[in-house]
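In what follows, a structure is listed as structure tokens, so that the remarks can point back to it.
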Amino acid sequence: MGSKPDVCTSRSHPSSLPSRLHPSGPGTPRRRKHFEKVRLGFGLIWALPYTLVGLAVGALGLATGGGWQRRGRTLEFHGGWTTRFVRNLPARQSIAAITLGHTVLGQTRAVLDQVRSHEAVHVRQFERWGPFMGPAYLLASLWLWLGGGEPYWDNPFEREAYSEGCGRKIADGSRPSPTETTRRK
Ligand SMILES: [Zn+2]
């Protein structure tokens with residue numbers, strides 16, 4: 001495994017072929033790159049229902065003085081109506097930012113800088129769960145709440161985001177300082 005001669009180069013001398021005719025073979029960086037492209041394309045479509053909602057809010061934000069920026073495959077919106085939307089989300093704690101598919105809606109640009117790595121984990125969750133992300137997240141929170149747990153901090157989606165994003169570790173049971181939420185006054 002991995003030591004077989006390249007199929008293409010074994011037929012003719014490597015230098016006689018242009019570089020694009022050198023397939024790298026299965027499991028090689030080239031094949032993995034192709035697989036990664038397909039996976040990302042699927043993730044974009046799979047998460048699209050939520051992305052469209054985020055884009056609609058973001059567009060309203062832009063029309064009311066807000067801003068936007070692209071970070072990787074994610075569009076971030078802040079200010080204007082976007083800030084109002086995020087501030088008025090129903091939650092026990094005030095929400096600083098929320099991910100919807102491939103959009104992140106934040107109260108301010110500074111907040112987006114703070115929560116980016118956390119929200120990037122949520123983006124990957126949307127790519128994995130697609131249309132089921134919302135119901136799965138809410139059901140997990142409901143299940144925790146009914147069992148006397150903490151619907152936000154103990155939610156497995158948040159635990160993953162806090163443990164992977166920002167390099168924070170919560171495996172020892174301690175809670176990280178809030179990033180996307182702030183206490184309501
Ligand atoms: Zn989160």
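The way I read the labels, and the way they are meant: chains A, B, ... in the order of the structure tokens, residue 1 as the first residue of every chain, and ligand 1 as the first ligand shown, with later ones counted on from there.
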* **For Leu44 in chain A: contacts at 8 Å, only C-alpha atoms, fewer than 3 positions along chain excluded, given as number ranges by chain** => A: 40-41, 47-48, 102, 127
So that I have them on file, write out the residues from the current selection with N, CA and C atoms, as an mmCIF file, in the first residue's frame.
data_model
loop_
_atom_site.group_PDB
_atom_site.id
_atom_site.type_symbol
_atom_site.label_atom_id
_atom_site.label_comp_id
_atom_site.auth_asym_id
_atom_site.auth_seq_id
_atom_site.Cartn_x
_atom_site.Cartn_y
_atom_site.Cartn_z
ATOM 1 N N LEU A 40 -17.050 19.698 0.231
ATOM 2 C CA LEU A 40 -17.405 21.089 0.509
ATOM 3 C C LEU A 40 -18.607 21.516 -0.322
ATOM 4 N N GLY A 41 -18.643 21.070 -1.585
ATOM 5 C CA GLY A 41 -19.780 21.399 -2.459
ATOM 6 C C GLY A 41 -21.069 20.827 -1.906
ATOM 7 N N ALA A 47 -26.393 22.654 3.591
ATOM 8 C CA ALA A 47 -26.675 23.684 4.603
ATOM 9 C C ALA A 47 -27.446 24.871 4.023
ATOM 10 N N LEU A 48 -27.752 24.816 2.728
ATOM 11 C CA LEU A 48 -28.317 25.982 2.029
ATOM 12 C C LEU A 48 -29.600 26.556 2.650
ATOM 13 N N HIS A 102 -23.854 28.802 6.162
ATOM 14 C CA HIS A 102 -22.554 29.423 5.874
ATOM 15 C C HIS A 102 -22.565 30.924 6.108
ATOM 16 N N GLU A 127 -22.737 21.712 7.910
ATOM 17 C CA GLU A 127 -22.363 20.937 6.718
ATOM 18 C C GLU A 127 -22.626 19.447 6.932
#
* Within-7 Å residues of ligand 1, basis only C-alpha atoms and all ligand atoms, as a ChimeraX atom specification -> /A:118-119,122,158,161,180
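For the atom pair formed by CA of Thr103 in chain A and CA of Arg70 in chain A, the distance is 9.2 Å, given to one decimal.
Comparing A:Gly58, A:Arg73, A:Pro135, A:Gly65 by their smallest distance to Ile98 in chain A, the closest is A:Gly58 (using only C-alpha atoms).
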* So what do you get for CA of Ala56 in chain A versus CA of Gly101 in chain A, distance-wise? -> 12.2 Å
* Shell around Tyr137 in chain A at 12 Å using only C-alpha atoms, local window under 2 positions removed, as a list of chain:residue names -> A:His122, A:Gln125, A:Phe126, A:Trp129, A:Gly130, A:Pro131, A:Phe132, A:Met133, A:Gly134, A:Pro135, A:Leu139, A:Ala140, A:Ser141, A:Leu142, A:Trp143, A:Leu144, A:Pro151, A:Tyr152, A:Asp154, A:Asn155, A:Pro156, A:Phe157, A:Glu158, A:Arg159
* Which neighbours of range 80-88 of chain A fall inside 8 Å, counting only C-alpha atoms, when residues of the same chain fewer than 6 positions from it are skipped, and could you give them as number ranges by chain? -> A: 57-58, 60-67, 94-98, 105-108
Grab the residues selected above and save them as a JSON list (two decimals), in the first residue's frame with C-alpha atoms.
[["chain", "number", "residue", "atom", "x", "y", "z"],
["A", 57, "VAL", "CA", -31.14, 38.77, 7.53],
["A", 58, "GLY", "CA", -27.72, 39.91, 6.33],
["A", 60, "LEU", "CA", -31.65, 43.53, 5.62],
["A", 61, "GLY", "CA", -28.64, 44.43, 7.76],
["A", 62, "LEU", "CA", -26.77, 45.80, 4.76],
["A", 63, "ALA", "CA", -29.81, 47.86, 3.75],
["A", 64, "THR", "CA", -29.89, 49.40, 7.22],
["A", 65, "GLY", "CA", -26.27, 50.40, 7.58],
["A", 66, "GLY", "CA", -24.65, 47.07, 8.46],
["A", 67, "GLY", "CA", -21.52, 45.52, 7.02],
["A", 94, "SER", "CA", -28.02, 37.64, 25.32],
["A", 95, "ILE", "CA", -26.57, 36.24, 22.12],
["A", 96, "ALA", "CA", -23.52, 37.92, 20.60],
["A", 97, "ALA", "CA", -23.45, 35.92, 17.36],
["A", 98, "ILE", "CA", -25.27, 33.09, 15.66],
["A", 105, "LEU", "CA", -24.58, 37.02, 12.17],
["A", 106, "GLY", "CA", -22.88, 39.06, 14.87],
["A", 107, "GLN", "CA", -23.70, 42.14, 16.90],
["A", 108, "THR", "CA", -20.45, 43.89, 15.89]]
* Asked: When DSSP works through the backbone of this structure, what residues of range 19-81 of chain A end up as strand (DSSP E), shown as a VMD selection string?
  -> chain A and resid 67 to 71 74 to 78
